[in-house]
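Engineer: Have a peek at data.cif (mmCIF, C-alpha atoms).
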```cif
data_structure
loop_
_atom_site.label_atom_id
_atom_site.label_comp_id
_atom_site.auth_asym_id
_atom_site.auth_seq_id
_atom_site.Cartn_x
_atom_site.Cartn_y
_atom_site.Cartn_z
CA MET D 95 10.58 60.47 21.83
CA THR D 96 10.30 63.59 24.00
CA THR D 97 7.69 63.96 26.73
CA SER D 98 5.89 66.68 24.77
CA THR D 99 5.81 64.52 21.63
CA LEU D 100 4.41 61.58 23.59
CA GLU D 101 1.76 63.76 25.24
CA GLN D 102 0.71 65.14 21.85
CA LEU D 103 0.49 61.60 20.45
CA GLN D 104 -1.67 60.51 23.41
CA THR D 105 -4.01 63.44 22.77
CA ASP D 106 -4.18 62.85 19.01
CA ILE D 107 -4.91 59.14 19.41
CA ALA D 108 -7.57 59.83 22.05
CA LYS D 109 -9.25 62.36 19.73
CA GLY D 110 -9.19 59.86 16.87
CA LEU D 111 -10.67 57.05 18.95
CA LEU D 112 -13.50 59.29 20.12
CA GLN D 113 -14.19 60.63 16.63
CA ILE D 114 -14.69 57.18 15.12
CA ASN D 115 -16.58 55.90 18.18
CA ALA D 116 -13.94 53.28 18.91
CA VAL D 117 -14.26 54.54 22.47
CA ALA D 118 -17.54 55.61 24.07
CA LEU D 119 -17.98 57.19 27.50
CA ARG D 120 -21.22 56.92 29.49
CA PRO D 121 -20.45 57.75 33.13
CA ASN D 122 -24.13 58.02 34.07
CA ASP D 123 -25.43 55.12 31.98
CA PRO D 124 -22.70 52.49 32.29
CA PHE D 125 -22.05 49.65 29.91
CA THR D 126 -22.11 46.03 31.05
CA TRP D 127 -19.07 44.05 29.96
CA THR D 128 -19.14 40.34 29.13
CA SER D 129 -17.81 39.66 32.62
CA GLY D 130 -20.86 41.41 34.08
CA MET D 131 -18.77 44.33 35.33
CA LYS D 132 -20.29 47.80 34.99
CA SER D 133 -18.15 50.32 33.18
CA PRO D 134 -18.45 53.97 32.09
CA ILE D 135 -16.32 53.21 29.02
CA TYR D 136 -16.52 50.81 26.11
CA CYS D 137 -13.56 50.38 23.79
CA ASP D 138 -13.58 48.65 20.41
CA ASN D 139 -10.29 49.46 18.72
CA ARG D 140 -11.07 47.03 15.90
CA LEU D 141 -12.94 49.93 14.33
CA THR D 142 -9.59 51.64 13.67
CA MET D 143 -8.96 49.19 10.80
CA SER D 144 -11.70 50.87 8.78
CA TYR D 145 -10.33 54.42 9.04
CA PRO D 146 -7.11 54.94 7.04
CA ALA D 147 -6.16 58.23 8.75
CA ILE D 148 -6.40 56.91 12.31
CA ARG D 149 -4.80 53.55 11.49
CA GLU D 150 -1.90 55.42 9.87
CA LEU D 151 -1.57 57.63 12.97
CA ILE D 152 -1.51 54.48 15.13
CA ALA D 153 1.00 52.67 12.91
CA GLU D 154 3.34 55.64 12.82
CA GLY D 155 2.99 56.06 16.58
CA PHE D 156 3.97 52.44 17.15
CA ALA D 157 6.85 52.73 14.68
CA THR D 158 8.10 55.91 16.37
CA ILE D 159 8.12 54.24 19.81
CA ILE D 160 9.93 51.18 18.49
CA ARG D 161 12.52 53.25 16.62
CA ALA D 162 13.17 55.40 19.69
CA GLN D 163 13.03 52.85 22.49
CA TYR D 164 13.71 49.47 20.83
CA PRO D 165 15.93 50.26 17.83
CA ASP D 166 17.37 46.72 17.80
CA CYS D 167 13.92 45.11 17.50
CA GLN D 168 14.11 42.20 15.06
CA ALA D 169 10.44 41.22 14.70
CA VAL D 170 6.97 42.61 15.40
CA ALA D 171 4.31 40.28 16.77
CA GLY D 172 0.58 40.97 16.79
CA ILE D 173 -1.49 39.66 19.69
CA ALA D 174 -4.66 37.99 18.41
CA THR D 175 -6.93 39.26 17.32
CA GLY D 176 -6.94 43.06 17.62
CA GLY D 177 -3.17 43.49 17.43
CA ILE D 178 -2.67 41.50 14.24
CA PRO D 179 -3.50 44.10 11.55
CA HIS D 180 -1.60 46.83 13.38
CA ALA D 181 1.44 44.58 13.69
CA ALA D 182 1.34 44.02 9.92
CA TRP D 183 1.28 47.76 9.18
CA VAL D 184 4.06 48.48 11.67
CA ALA D 185 6.24 45.63 10.43
CA GLN D 186 5.85 46.99 6.91
CA LYS D 187 6.90 50.48 8.03
CA LEU D 188 9.95 49.13 9.84
CA ASN D 189 10.79 46.50 7.20
CA LEU D 190 10.76 43.80 9.86
CA PRO D 191 9.40 40.24 10.01
CA MET D 192 5.87 39.96 11.39
CA LEU D 193 4.45 37.25 13.63
CA TYR D 194 1.19 36.77 15.43
CA VAL D 195 0.35 35.06 18.69
CA ARG D 196 -2.82 33.10 19.35
CA ASP D 197 -4.41 32.94 22.80
CA LYS D 198 -3.61 29.22 22.79
CA ALA D 199 -1.99 26.66 20.52
CA LYS D 200 -4.04 25.31 17.64
CA GLY D 201 -5.63 21.94 18.29
CA HIS D 202 -4.63 20.55 14.90
CA GLY D 203 -1.89 20.63 12.28
CA LYS D 204 1.41 21.89 13.69
CA THR D 205 -0.40 23.07 16.86
CA ASN D 206 1.30 26.46 16.61
CA GLN D 207 0.58 29.25 19.05
CA ILE D 208 3.00 31.61 17.31
CA GLU D 209 2.56 31.97 13.56
CA GLY D 210 5.38 33.14 11.31
CA HIS D 211 9.10 32.42 11.17
CA PHE D 212 11.26 33.37 14.14
CA GLU D 213 14.65 32.40 15.53
CA PRO D 214 15.64 31.71 19.15
CA GLY D 215 17.10 34.84 20.72
CA GLN D 216 15.26 37.14 18.33
CA LYS D 217 14.24 40.48 19.87
CA VAL D 218 10.49 40.94 19.57
CA VAL D 219 8.05 43.78 20.30
CA LEU D 220 4.41 42.72 20.68
CA ILE D 221 1.53 44.88 19.42
CA GLU D 222 -1.80 44.96 21.27
CA ASP D 223 -4.96 46.99 20.66
CA LEU D 224 -6.13 47.31 24.28
CA VAL D 225 -4.72 46.59 27.73
CA SER D 226 -7.19 46.18 30.59
CA THR D 227 -5.85 43.96 33.37
CA GLY D 228 -2.94 42.88 31.17
CA GLY D 229 -3.67 39.17 31.44
CA SER D 230 -4.10 38.28 27.76
CA SER D 231 -1.22 40.53 26.66
CA LEU D 232 1.16 38.99 29.16
CA LYS D 233 0.03 35.48 28.26
CA ALA D 234 1.07 36.17 24.66
CA ALA D 235 4.33 37.78 25.73
CA VAL D 236 5.21 34.82 27.93
CA ALA D 237 4.46 32.44 25.04
CA VAL D 238 6.93 34.33 22.85
CA ARG D 239 9.50 34.36 25.64
CA ASP D 240 9.00 30.64 26.29
CA ALA D 241 9.60 30.02 22.58
CA GLY D 242 13.13 31.36 23.08
CA CYS D 243 12.73 34.95 21.93
CA GLU D 244 13.59 38.09 23.88
CA VAL D 245 10.43 40.10 24.53
CA GLN D 246 11.46 43.74 24.53
CA ALA D 247 8.03 45.20 25.26
CA VAL D 248 4.30 45.15 24.69
CA VAL D 249 3.05 48.29 22.97
CA ALA D 250 -0.68 48.97 22.83
CA ILE D 251 -3.05 51.51 21.35
CA PHE D 252 -4.86 52.17 24.62
CA THR D 253 -4.86 51.25 28.30
CA TYR D 254 -7.45 51.76 31.02
CA GLN D 255 -4.50 52.33 33.41
CA PHE D 256 -5.72 49.81 35.96
CA PRO D 257 -3.18 49.57 38.81
CA GLN D 258 -3.25 45.76 38.60
CA ALA D 259 -2.09 45.90 34.97
CA ALA D 260 0.96 47.98 35.86
CA GLU D 261 1.73 45.59 38.70
CA ALA D 262 1.34 42.53 36.46
CA PHE D 263 3.71 43.87 33.80
CA ALA D 264 6.25 44.90 36.43
CA GLU D 265 6.09 41.46 38.05
CA ALA D 266 6.62 39.78 34.67
CA GLY D 267 9.55 42.07 33.89
CA ILE D 268 8.00 43.14 30.59
CA PRO D 269 7.81 46.86 29.70
CA LEU D 270 4.46 48.29 28.57
CA ALA D 271 4.12 51.35 26.34
CA THR D 272 0.85 52.76 25.02
CA LEU D 273 -0.09 55.33 22.41
CA SER D 274 -2.86 56.74 24.59
CA ASN D 275 -4.56 56.09 27.89
CA TYR D 276 -7.63 56.66 30.03
CA SER D 277 -6.33 59.91 31.56
CA ALA D 278 -5.65 61.46 28.15
CA LEU D 279 -9.07 60.30 26.95
CA ILE D 280 -10.86 62.00 29.84
CA ASP D 281 -8.96 65.24 29.20
CA VAL D 282 -9.93 65.20 25.51
CA ALA D 283 -13.55 64.25 26.27
CA LEU D 284 -13.82 67.05 28.82
CA GLU D 285 -12.31 69.61 26.45
CA ASN D 286 -14.77 68.63 23.71
CA GLY D 287 -17.88 68.54 25.91
CA ILE D 288 -18.32 64.76 25.69
CA VAL D 289 -18.26 64.57 29.48
CA GLN D 290 -18.69 67.26 32.10
CA GLN D 291 -16.41 68.29 34.95
CA SER D 292 -18.94 66.76 37.33
CA ASP D 293 -18.33 63.35 35.66
CA VAL D 294 -14.57 63.32 36.19
CA ALA D 295 -14.53 62.07 39.78
CA LEU D 296 -16.83 59.19 38.83
CA LEU D 297 -14.66 58.26 35.85
CA GLN D 298 -11.50 58.31 37.96
CA ALA D 299 -13.14 56.23 40.69
CA TRP D 300 -13.90 53.50 38.15
CA ARG D 301 -10.27 53.25 37.09
CA GLU D 302 -9.10 52.98 40.70
CA ASN D 303 -11.67 50.34 41.69
CA PRO D 304 -13.63 49.02 38.69
CA GLN D 305 -15.18 46.13 40.62
CA ALA D 306 -16.93 48.54 42.99
CA PHE D 307 -18.29 50.77 40.21
CA GLY D 308 -22.08 50.80 40.10
CA ALA D 309 -22.33 48.48 43.09
#
```
Would you mind writing the file out in structure tokens?
Structural biologist:
Amino acid sequence: MTTSTLEQLQTDIAKGLLQINAVALRPNDPFTWTSGMKSPIYCDNRLTMSYPAIRELIAEGFATIIRAQYPDCQAVAGIATGGIPHAAWVAQKLNLPMLYVRDKAKGHGKTNQIEGHFEPGQKVVLIEDLVSTGGSSLKAAVAVRDAGCEVQAVVAIFTYQFPQAAEAFAEAGIPLATLSNYSALIDVALENGIVQQSDVALLQAWRENPQAFGA
């Protein structure tokens, strides 16, 4: 995938997320996350399931990245819960086995954390809907790796581009690729009048130090 193709994909995905209100920006009236943290952005990529055009754009984007960067991928694994439907659509496109990974092992039955058939040594790409700090994504990736598979990468629809997420993935030795990101979203929102130039510095400050935002 060329740089220009990737940049166009990032723009197209950002436009789609904004159009269906999967992402909302309120720099001057911040949202409050479950953690209590104030944020100028709220992202609910589960909405993409309900829009065939955007979910097809996402699935083809994932498939394109996997074909280009991980052509020997042997299975696609969805990270529960948001990554599961997208993993199914991508696995279908690539004619590959599909798995999904729970946040923890079931407390009954076979007590599986990873659902689906896989073999030790199998090369797996994990699908995620959103990466914030990277904690839940990496937890799933480590579970797959601990099960004996080779984790080639985590690929996600969107990332807030927090520095700590990049550091966490680097420390774990697991590549991260995303279809779009916070920077591309701000560019698209600015171009379409969703935010103003005067909002940009505030939006960028949140990404660099989210804990201090609104303090």
Engineer: Go ahead and compute the interatomic distance for CA of Ala199 (chain D) and CA of Gln186 (chain D), in Å to one decimal.
Structural biologist: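 So the two atoms, CA of Ala199 (chain D) and CA of Gln186 (chain D), lie 25.7 Å apart.
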Engineer: Quick one: which residues end up in the PyMOL selection byres ((chain D and resi 234-239) around 8) for this structure, as an mmCIF file with C-alpha atoms, in the coordinates of the input?
Structural biologist:
```
data_model
loop_
_atom_site.group_PDB
_atom_site.id
_atom_site.type_symbol
_atom_site.label_atom_id
_atom_site.label_comp_id
_atom_site.auth_asym_id
_atom_site.auth_seq_id
_atom_site.Cartn_x
_atom_site.Cartn_y
_atom_site.Cartn_z
ATOM 1 C CA ILE D 173 -1.490 39.660 19.690
ATOM 2 C CA VAL D 195 0.350 35.060 18.690
ATOM 3 C CA ARG D 196 -2.820 33.100 19.350
ATOM 4 C CA ASP D 197 -4.410 32.940 22.800
ATOM 5 C CA GLN D 207 0.580 29.250 19.050
ATOM 6 C CA ILE D 208 3.000 31.610 17.310
ATOM 7 C CA LEU D 220 4.410 42.720 20.680
ATOM 8 C CA SER D 230 -4.100 38.280 27.760
ATOM 9 C CA SER D 231 -1.220 40.530 26.660
ATOM 10 C CA LEU D 232 1.160 38.990 29.160
ATOM 11 C CA LYS D 233 0.030 35.480 28.260
ATOM 12 C CA ASP D 240 9.000 30.640 26.290
ATOM 13 C CA ALA D 241 9.600 30.020 22.580
ATOM 14 C CA GLY D 242 13.130 31.360 23.080
ATOM 15 C CA CYS D 243 12.730 34.950 21.930
ATOM 16 C CA GLU D 244 13.590 38.090 23.880
ATOM 17 C CA VAL D 245 10.430 40.100 24.530
ATOM 18 C CA VAL D 248 4.300 45.150 24.690
#
```
Engineer: Could you give me, as a Markdown table, a per-residue list for region 156-268 of chain D showing, wherever an atom lies at most 10 Å from an atom of region 98-110 of chain D, the closest pair of atoms and their distance in Å to one decimal, using all atoms listed in the file and sorting by chain then residue number from low to high?
Structural biologist:
```
| residue | atom | partner | partner_atom | distance |
| --- | --- | --- | --- | --- |
| D:Thr158 | CA | D:Leu100 | CA | 9.9 |
| D:Ile159 | CA | D:Leu100 | CA | 9.1 |
| D:Ile251 | CA | D:Ile107 | CA | 8.1 |
| D:Phe252 | CA | D:Ala108 | CA | 8.5 |
```
Engineer: For a test of reading the model, state the distance in Å between CA of Ala162 (chain D) and CA of Met192 (chain D), rounded to one decimal.
Structural biologist: 19.0 Å
Engineer: Could you check the closest approach to Ala271 (chain D) for each of D:Trp127, D:Tyr136, D:Tyr164, D:Tyr145 and tell me which residue wins, using all atoms listed in the file?
Structural biologist: D:Tyr164
Engineer: Under the rule that all atoms listed in the file are counted, which of D:Ser133, D:Asn206, D:Gln113, D:Thr96 is the nearest residue to Trp300 (chain D)?
Structural biologist: D:Ser133
Engineer: Rounded to one decimal in Å, what is the spacing between CA of Leu297 (chain D) and CA of Met143 (chain D)?
Structural biologist: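 One can read the CA of Leu297 (chain D) to CA of Met143 (chain D) distance as 27.2 Å.
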Engineer: D:Pro134, D:Arg140, D:Trp183, D:Asp123: which is nearest Ala295 (chain D), counting only C-alpha atoms?
Structural biologist: D:Pro134
